[in-house]
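Asks: Take this structure, written in structure tokens, and hold onto it; I'll ask about it next.
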Amino acid sequence: MSFNPEENSDPVPTEPARSVGLHPKLSMCRDVSIVIAVVVFGLYAGSGFLIPLVLALLAYVLIIAVSDHILHYLPLPVWFANILAVIVVLAGLFMIMYVLGSQATQMVRNFSNYENAFDNALHKLVALVGNDVTKYIHDSLVNIDMSFVARSAVGGATSFLSTFVLISLYVGFLMAERLMFRRKILLAANDKVFGQKLSAMMTAITRSLQSYVGVKSLVSAMTALISYSVFRWLGLEYAETWAVLTFGLNFIPNIGSIVAVVFPALIALVQFDSLTPFLIILFFCGTVQFLMGNFLDPALLGRSLNMSTFMVIISLTFWSSIWGVVGAFLSVPVTVCLLIVFSHIKALRPVAILMSKDGTIFDSDTERTS
């Protein structure tokens, strides 16, 4: 009878092998958690430096888009088109800050008049929504220190005016290095293939941001102009301020358009003796916001962003908790940049697929992959 040592040998234990394979996964989760915590803390602690820089980058992207449109329709030198685009964009930003800064100051001075007329305005709501709802609104709003809110708004506008010079300096240096930046990326990458992928990623980010900022600026400007014409026709006080806020709030997804209608409607309720101006602003401007946000905006943007609606809400909550109102304004463009960066990193590509709307992400090799 032959003897086979393999028949009587003990089976090789497999449990230690599984436990050994578990340790790298736990360590990876630990390292990722530490990195995320450090990044979130850095974003919060460095908001004073990062917010003007990100705003300058968005202004730079908008300037490039305006410059490209000028060159498309007018036979001008590139440098002259860039100068015109810088003047147009920075002048627009300055006018927005000037309107907010000047009219917000006047609003604070007259705020006591609004507080006195607030109780009279609540009585008008009784006929519309009933006494119980009106009492709830009164109890909710009476605890809000509106004078503090107004002073904070003035302080925010003044602070933004003070950082306007810094944003302008950032934009100036970015424009000066526009032509050399892509060449420096290729030189900084030791691998030619890696440099080309990095350049493709930057191109994808630029195109997506140009599409988003350009379309949102156009749609928001149209919405603000229509709303401003209604405000002026009704004789609403501080119509310019509400129009500027309508323009800015339309960049905040989902809730921005609602706030842009509710605020001027409440002011109309306080200012006028009749409910007609309140109802006109509430229903007409609300209808304009609905049509612009649900039909024109998606039709112009198309699939250029390709970010899921749930991620829009998550990004809005995250960035607004980190950077406040400015974070809500920047939530979508910043998250789009992260989605594109993740799509170019093989280990993070599943995260990009989950962030996307339909599982289709950008890929430098095949332009789109799913």
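In the structure tokens, chains take letters A, B, ... by order of appearance, with residues numbered from 1 within each chain and ligands from 1 in the order shown.
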Near Phe80 in chain A, counting only C-alpha atoms, which residues have an atom at most 10 Å away, once you skip same-chain residues fewer than 4 positions from it, shown as a ChimeraX atom specification?
Replies: /A:67,70-71,76,84-86
Asks: Would you kindly return, as a PyMOL selection string, each protein, DNA or RNA residue with an atom no farther than 8 Å from any atom of Asn250 in chain A, considering only C-alpha atoms and excluding same-chain residues fewer than 3 positions away?
Replies: chain A and resi 216+220+246-247+253+256-257+260
Asks: Per residue of range 158-235 of chain A within 12 Å of range 262-275 of chain A, which atom pair is closest and at what distance in Å (one decimal), using only C-alpha atoms, listed by chain and increasing number, as JSON lines?
Replies:
```
{"residue": "A:Ser227", "atom": "CA", "partner": "A:Pro264", "partner_atom": "CA", "distance": 9.8}
{"residue": "A:Tyr228", "atom": "CA", "partner": "A:Pro264", "partner_atom": "CA", "distance": 10.5}
{"residue": "A:Val230", "atom": "CA", "partner": "A:Pro264", "partner_atom": "CA", "distance": 10.8}
{"residue": "A:Phe231", "atom": "CA", "partner": "A:Pro264", "partner_atom": "CA", "distance": 8.4}
{"residue": "A:Arg232", "atom": "CA", "partner": "A:Ala268", "partner_atom": "CA", "distance": 11.8}
{"residue": "A:Leu234", "atom": "CA", "partner": "A:Ala268", "partner_atom": "CA", "distance": 8.8}
{"residue": "A:Gly235", "atom": "CA", "partner": "A:Ala268", "partner_atom": "CA", "distance": 9.2}
```
Asks: What gap, in Å, lies between CA of Pro277 in chain A and CA of Leu291 in chain A?
Replies: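 Those two atoms sit 20.6 Å apart.
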Asks: CA of Phe49 in chain A and CA of Leu166 in chain A are how many Å apart?
Replies: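 Distance reported for this atom pair: 10.2 Å.
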Asks: I'd like to know which of A:Trp79, A:Leu338, A:Met222, A:Ser331 is closest to Phe318 in chain A, using only C-alpha atoms.
Replies: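 Of the candidates, the smallest distance to Phe318 in chain A is held by A:Ser331.
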Asks: Leaving out Val66 in chain A and any residue of its chain fewer than 6 positions from it, which residues lie within 10 Å of it when counting only C-alpha atoms, given as a list in words?
Replies: Tyr60, His72, Ala81, Asn82, Leu84, Ala85, Val86, Val88, Val89, Gln210 and Gly214 of chain A
Asks: If we count only C-alpha atoms and set the cut-off at 10 Å, which residues sit around range 178-184 of chain A, ignoring sequence neighbours fewer than 6 positions away in its own chain? Please answer as a list in words.
Replies: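 The residues that qualify are Tyr60, Ile64, Gly172, Gly195, Gln196, Leu198, Ser199, Met202 and Thr203 of chain A.
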Asks: Store the residues picked out above in a file with C-alpha atoms, as a JSON list (two decimals), in the first residue's frame.
Replies:
```
[["chain", "number", "residue", "atom", "x", "y", "z"],
["A", 60, "TYR", "CA", -11.58, 84.02, -14.81],
["A", 64, "ILE", "CA", -12.53, 83.44, -20.97],
["A", 172, "GLY", "CA", -5.21, 89.86, -13.59],
["A", 195, "GLY", "CA", 0.89, 65.42, -18.81],
["A", 196, "GLN", "CA", -1.58, 64.93, -21.66],
["A", 198, "LEU", "CA", -3.68, 66.22, -16.83],
["A", 199, "SER", "CA", -4.12, 68.73, -19.65],
["A", 202, "MET", "CA", -8.03, 70.79, -17.05],
["A", 203, "THR", "CA", -9.73, 71.24, -20.41]]
```
Asks: Can you list, as a VMD selection string, every protein, DNA or RNA residue that comes within 12 Å of Phe329 in chain A when you count only C-alpha atoms, leaving out same-chain residues fewer than 3 positions away?
Replies: chain A and resid 51 54 to 55 58 213 216 245 247 to 256 312 315 to 326 332 to 335
Asks: Would you mind listing what lies within 6 Å of Ser343 in chain A as a list in words, with only C-alpha atoms counted and same-chain residues fewer than 3 positions away left out?
Replies: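 Close residues of Ser343 in chain A: Ile340, Arg349 and Ala352 of chain A.
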Asks: For CA of Leu225 in chain A and CA of Val244 in chain A, determine how far apart the two atoms are, in Å to one decimal place.
Replies: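 The value is 9.3 Å.
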Asks: Just checking: using only C-alpha atoms, which residue out of A:Ala200, A:Ala347, A:Ile258, A:Leu93 ends up closest to Leu186 in chain A?
Replies: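 Under the stated criterion, the closest residue is A:Ala200.
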